[in-house]
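Beneath this line is the structure, given in structure tokens, with notes to follow.
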Amino acid sequence: MLGMVNHALQEMVTDRLGEAAWESIRAEAGVDDAVFVIMKQYPDELTYALAGCVARRLGVPLPDALRAFGHHWMAYAERQPWGKVMHSMGGSVRQLLPALDALHARIALAFPGVRMPHFRTEPQSDGSLLVHYMSERAGLAPFVLGVLEGIGAMYGEMIEVRQVEDRASGAEHDVFRVSFLGAAG
Ligand code: HEM
């Protein structure tokens with residue numbers, strides 16, 4: 001994955017646990033890089049190894065750590081120059097979710113060879129939205145759950161996100177239901 005993903009994970013750890021904790025997690029995961037180059041591609045195994053060590057250090061199951069990382073990823077991404085692109089593509093949860101695929105396609109133009117996930121939304125009669133998530137990578141559904149919740153936080157909207165189809169249990173791909181709890185939903 002791109003260095004920016006690992007960099008965001010590093011930032012979450014240093015914010016919560018401090019520099020020394022990050023250094024020991026990095027050593028435990030066998031990662032030699034003291035700094036991540038934002039635009040460079042790193043092996044996925046490196047990110048997975050770091051995430052596993054972060055979960056152990058936080059004392060939570062891996063899915064919980066990935067979900068927390070999803071929240072942090074949104075806060076991180078919003079601060080990047082790409083955050084402006086994201087805001088230009090949607091001013092609310094309901095606008096941004098259908099634009100997720102186009103957003104990643106646009107970002108991918110800047111990083112040849114990057115393997116972006118794909119998204120598709122499906123409006124439901126009760127006002128909720130189904131978000132379909134398709135990826136070459138396995139095990140990241142809890143991260144998606146966290147990022148989707150993070151989008152609600154970014155716009156200050158009350159939403160509830162539940163995974164309704166799980167690739168790990170045999171579904172073709174992961175599906176999430178985003179329900180709008182606020183009056184404005
Ligand atoms: C400005 C905002 C965003 C930026 C800059 C961004 C950028 C990226 C980048 C660089 C990757 C790594 C791809 C790779 O290295 O191969 C990635 C992966 C991912 N992004 Fe985004 N993203 C943004 C917003 C979002 C949002 C709002 C979601 C909501 C669900 C999301 C979901 C994901 C997921 C699940 C992955 C994991 C990769 C995979 O499944 O294969 N991203 N994104």
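Chain labels run A, B, ... following the order of the structure tokens; each chain numbers its residues from 1, and ligands are numbered from 1 in the order shown.
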Practice prompt. Give the residue list for ligand 1 at 6 Å, counting only C-alpha atoms and all ligand atoms, as a PyMOL selection string, sorted by chain and then by residue number.
Written response: chain A and resi 1-2+77-78+82-83+86+114-117+135-137+144+147-148
Item to complete: Apply DSSP to the structure's backbone, then extract all residues of segment 41-166 of chain A labelled strand (DSSP E or B) and return them as JSON, numbers by chain.
Response: {"A": [41, 118, 119, 120, 121, 122, 123, 129, 130, 131, 132, 133, 134, 159, 160, 161, 162, 163, 164, 165]}
Write the residues of the preceding selection, restricted to N, CA and C atoms, as a short mmCIF file (atom, residue, chain, number, x, y, z; two decimals), in the first residue's frame.
```cif
data_model
loop_
_atom_site.label_atom_id
_atom_site.label_comp_id
_atom_site.auth_asym_id
_atom_site.auth_seq_id
_atom_site.Cartn_x
_atom_site.Cartn_y
_atom_site.Cartn_z
N GLN A 41 5.21 2.84 -2.93
CA GLN A 41 4.39 1.66 -2.62
C GLN A 41 5.19 0.68 -1.76
N HIS A 118 -12.96 -0.75 -4.90
CA HIS A 118 -14.11 -0.20 -5.64
C HIS A 118 -15.34 -0.15 -4.75
N PHE A 119 -16.17 0.84 -5.01
CA PHE A 119 -17.38 1.03 -4.20
C PHE A 119 -18.56 1.28 -5.12
N ARG A 120 -19.74 0.88 -4.63
CA ARG A 120 -20.99 1.15 -5.36
C ARG A 120 -22.06 1.34 -4.28
N THR A 121 -22.96 2.31 -4.50
CA THR A 121 -24.02 2.50 -3.50
C THR A 121 -25.37 2.12 -4.10
N GLU A 122 -26.29 1.78 -3.20
CA GLU A 122 -27.62 1.34 -3.61
C GLU A 122 -28.62 1.92 -2.61
N PRO A 123 -29.40 2.93 -3.04
CA PRO A 123 -30.38 3.53 -2.12
C PRO A 123 -31.47 2.53 -1.75
N LEU A 129 -28.60 3.70 2.84
CA LEU A 129 -27.81 3.42 1.64
C LEU A 129 -27.01 2.14 1.87
N LEU A 130 -27.01 1.27 0.88
CA LEU A 130 -26.10 0.13 0.95
C LEU A 130 -24.82 0.54 0.24
N VAL A 131 -23.69 0.25 0.89
CA VAL A 131 -22.38 0.53 0.28
C VAL A 131 -21.71 -0.81 0.00
N HIS A 132 -21.49 -1.09 -1.27
CA HIS A 132 -20.80 -2.32 -1.68
C HIS A 132 -19.32 -2.01 -1.79
N TYR A 133 -18.51 -2.87 -1.20
CA TYR A 133 -17.06 -2.67 -1.16
C TYR A 133 -16.37 -3.86 -1.81
N MET A 134 -15.62 -3.60 -2.87
CA MET A 134 -14.92 -4.66 -3.58
C MET A 134 -13.42 -4.37 -3.55
N ILE A 159 -24.93 8.98 11.92
CA ILE A 159 -25.23 7.82 11.08
C ILE A 159 -24.94 6.55 11.87
N GLU A 160 -25.53 5.45 11.39
CA GLU A 160 -25.21 4.15 11.96
C GLU A 160 -24.75 3.27 10.81
N VAL A 161 -23.63 2.58 11.01
CA VAL A 161 -23.08 1.74 9.95
C VAL A 161 -23.07 0.29 10.45
N ARG A 162 -23.67 -0.60 9.64
CA ARG A 162 -23.65 -2.02 10.00
C ARG A 162 -23.24 -2.83 8.79
N GLN A 163 -22.40 -3.83 9.02
CA GLN A 163 -22.02 -4.71 7.91
C GLN A 163 -23.13 -5.73 7.72
N VAL A 164 -23.66 -5.83 6.51
CA VAL A 164 -24.78 -6.75 6.27
C VAL A 164 -24.39 -7.94 5.41
N GLU A 165 -23.26 -7.86 4.72
CA GLU A 165 -22.74 -9.03 3.98
C GLU A 165 -21.24 -9.08 4.21
#
```
Fill in: Distance in Å - atom CA of Met4 of chain A versus atom CA of Pro81 of chain A
12.1 Å
When DSSP is applied to the backbone of this structure, which of segment 110-184 of chain A are assigned alpha helix (DSSP H)? Write them out as a PDB file with N, CA and C atoms, in the first residue's frame.
```pdb
ATOM      1  N   ALA A 110      -2.850   9.716  -9.835  1.00  0.00           N
ATOM      2  CA  ALA A 110      -1.607  10.325  -9.351  1.00  0.00           C
ATOM      3  C   ALA A 110      -0.573   9.272  -8.928  1.00  0.00           C
ATOM      4  N   ALA A 141     -12.580  -5.239   5.978  1.00  0.00           N
ATOM      5  CA  ALA A 141     -13.953  -4.769   6.210  1.00  0.00           C
ATOM      6  C   ALA A 141     -14.074  -3.915   7.489  1.00  0.00           C
ATOM      7  N   PRO A 142     -13.415  -4.294   8.596  1.00  0.00           N
ATOM      8  CA  PRO A 142     -13.532  -3.444   9.800  1.00  0.00           C
ATOM      9  C   PRO A 142     -12.945  -2.043   9.584  1.00  0.00           C
ATOM     10  N   PHE A 143     -11.938  -1.971   8.717  1.00  0.00           N
ATOM     11  CA  PHE A 143     -11.367  -0.658   8.366  1.00  0.00           C
ATOM     12  C   PHE A 143     -12.422   0.174   7.634  1.00  0.00           C
ATOM     13  N   VAL A 144     -13.115  -0.459   6.678  1.00  0.00           N
ATOM     14  CA  VAL A 144     -14.162   0.248   5.924  1.00  0.00           C
ATOM     15  C   VAL A 144     -15.253   0.744   6.887  1.00  0.00           C
ATOM     16  N   LEU A 145     -15.652  -0.130   7.813  1.00  0.00           N
ATOM     17  CA  LEU A 145     -16.666   0.275   8.808  1.00  0.00           C
ATOM     18  C   LEU A 145     -16.215   1.554   9.518  1.00  0.00           C
ATOM     19  N   GLY A 146     -14.955   1.569   9.941  1.00  0.00           N
ATOM     20  CA  GLY A 146     -14.426   2.748  10.643  1.00  0.00           C
ATOM     21  C   GLY A 146     -14.378   3.982   9.757  1.00  0.00           C
ATOM     22  N   VAL A 147     -13.977   3.790   8.485  1.00  0.00           N
ATOM     23  CA  VAL A 147     -13.900   4.956   7.589  1.00  0.00           C
ATOM     24  C   VAL A 147     -15.304   5.516   7.348  1.00  0.00           C
ATOM     25  N   LEU A 148     -16.270   4.621   7.164  1.00  0.00           N
ATOM     26  CA  LEU A 148     -17.641   5.099   6.925  1.00  0.00           C
ATOM     27  C   LEU A 148     -18.143   5.876   8.145  1.00  0.00           C
ATOM     28  N   GLU A 149     -17.875   5.357   9.345  1.00  0.00           N
ATOM     29  CA  GLU A 149     -18.258   6.090  10.563  1.00  0.00           C
ATOM     30  C   GLU A 149     -17.521   7.430  10.618  1.00  0.00           C
ATOM     31  N   GLY A 150     -16.268   7.405  10.178  1.00  0.00           N
ATOM     32  CA  GLY A 150     -15.459   8.627  10.174  1.00  0.00           C
ATOM     33  C   GLY A 150     -16.020   9.687   9.235  1.00  0.00           C
ATOM     34  N   ILE A 151     -16.649   9.252   8.146  1.00  0.00           N
ATOM     35  CA  ILE A 151     -17.265  10.219   7.221  1.00  0.00           C
ATOM     36  C   ILE A 151     -18.413  10.930   7.931  1.00  0.00           C
ATOM     37  N   GLY A 152     -19.187  10.165   8.706  1.00  0.00           N
ATOM     38  CA  GLY A 152     -20.278  10.780   9.485  1.00  0.00           C
ATOM     39  C   GLY A 152     -19.723  11.823  10.445  1.00  0.00           C
ATOM     40  N   ALA A 153     -18.636  11.464  11.121  1.00  0.00           N
ATOM     41  CA  ALA A 153     -18.018  12.395  12.085  1.00  0.00           C
ATOM     42  C   ALA A 153     -17.507  13.640  11.364  1.00  0.00           C
ATOM     43  N   MET A 154     -16.923  13.442  10.176  1.00  0.00           N
ATOM     44  CA  MET A 154     -16.359  14.571   9.430  1.00  0.00           C
ATOM     45  C   MET A 154     -17.442  15.594   9.075  1.00  0.00           C
ATOM     46  N   TYR A 155     -18.625  15.110   8.707  1.00  0.00           N
ATOM     47  CA  TYR A 155     -19.711  16.024   8.339  1.00  0.00           C
ATOM     48  C   TYR A 155     -20.608  16.372   9.526  1.00  0.00           C
TER      49      TYR A 155
END
```
Worksheet entry | Nearest to Gly127 of chain A by atom-to-atom distance, counting only C-alpha atoms, from A:Leu9, A:Ala27, A:Gly70, A:Arg94 | A:Arg94
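With only C-alpha atoms as the atoms that count, the minimum distance from Asn6 of chain A to the choices A:Glu19, A:Tyr76, A:Pro63, A:Leu97 is reached by A:Tyr76.
Counting only C-alpha atoms, the residue from A:Val93, A:Leu66, A:Val5, A:Leu103 that sits nearest to Asp44 of chain A is A:Val5.
Coordinates place atom CA of Cys53 of chain A at a distance of 7.1 Å from atom CA of Glu28 of chain A.
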Discussion item. At a cut-off of 10 Å, using only C-alpha atoms, what residues contact Ala168 of chain A? Leave out same-chain residues fewer than 6 positions from it and give the result as a ChimeraX atom specification.
Written reply: /A:138-139,141,174
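The residue that comes closest to Ser128 of chain A, out of A:Val35, A:Val178, A:Ala49, A:Ala68 and on the basis of only C-alpha atoms, is A:Val178.
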Could you name the residues that touch Asp166 of chain A at 9 Å or less, counting only C-alpha atoms, but leaving out those on the same chain fewer than 5 positions away, as a PDB file with N, CA and C atoms, in the first residue's frame?
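Okay, selection-v4.pdb is ready:
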```pdb
ATOM      1  N   ALA A 141     -12.580  -5.239   5.978  1.00  0.00           N
ATOM      2  CA  ALA A 141     -13.953  -4.769   6.210  1.00  0.00           C
ATOM      3  C   ALA A 141     -14.074  -3.915   7.489  1.00  0.00           C
ATOM      4  N   ALA A 171     -19.779 -14.394   1.410  1.00  0.00           N
ATOM      5  CA  ALA A 171     -20.461 -13.478   0.481  1.00  0.00           C
ATOM      6  C   ALA A 171     -19.501 -13.100  -0.649  1.00  0.00           C
ATOM      7  N   GLU A 172     -20.072 -12.670  -1.767  1.00  0.00           N
ATOM      8  CA  GLU A 172     -19.230 -12.314  -2.917  1.00  0.00           C
ATOM      9  C   GLU A 172     -18.339 -11.117  -2.584  1.00  0.00           C
ATOM     10  N   HIS A 173     -18.911 -10.163  -1.861  1.00  0.00           N
ATOM     11  CA  HIS A 173     -18.115  -9.033  -1.377  1.00  0.00           C
ATOM     12  C   HIS A 173     -18.788  -8.470  -0.120  1.00  0.00           C
ATOM     13  N   ASP A 174     -18.132  -7.517   0.523  1.00  0.00           N
ATOM     14  CA  ASP A 174     -18.672  -6.934   1.758  1.00  0.00           C
ATOM     15  C   ASP A 174     -19.693  -5.849   1.414  1.00  0.00           C
ATOM     16  N   VAL A 175     -20.773  -5.799   2.211  1.00  0.00           N
ATOM     17  CA  VAL A 175     -21.792  -4.759   2.020  1.00  0.00           C
ATOM     18  C   VAL A 175     -22.105  -4.140   3.383  1.00  0.00           C
ATOM     19  N   PHE A 176     -22.238  -2.818   3.401  1.00  0.00           N
ATOM     20  CA  PHE A 176     -22.543  -2.084   4.639  1.00  0.00           C
ATOM     21  C   PHE A 176     -23.845  -1.308   4.443  1.00  0.00           C
TER      22      PHE A 176
END
```
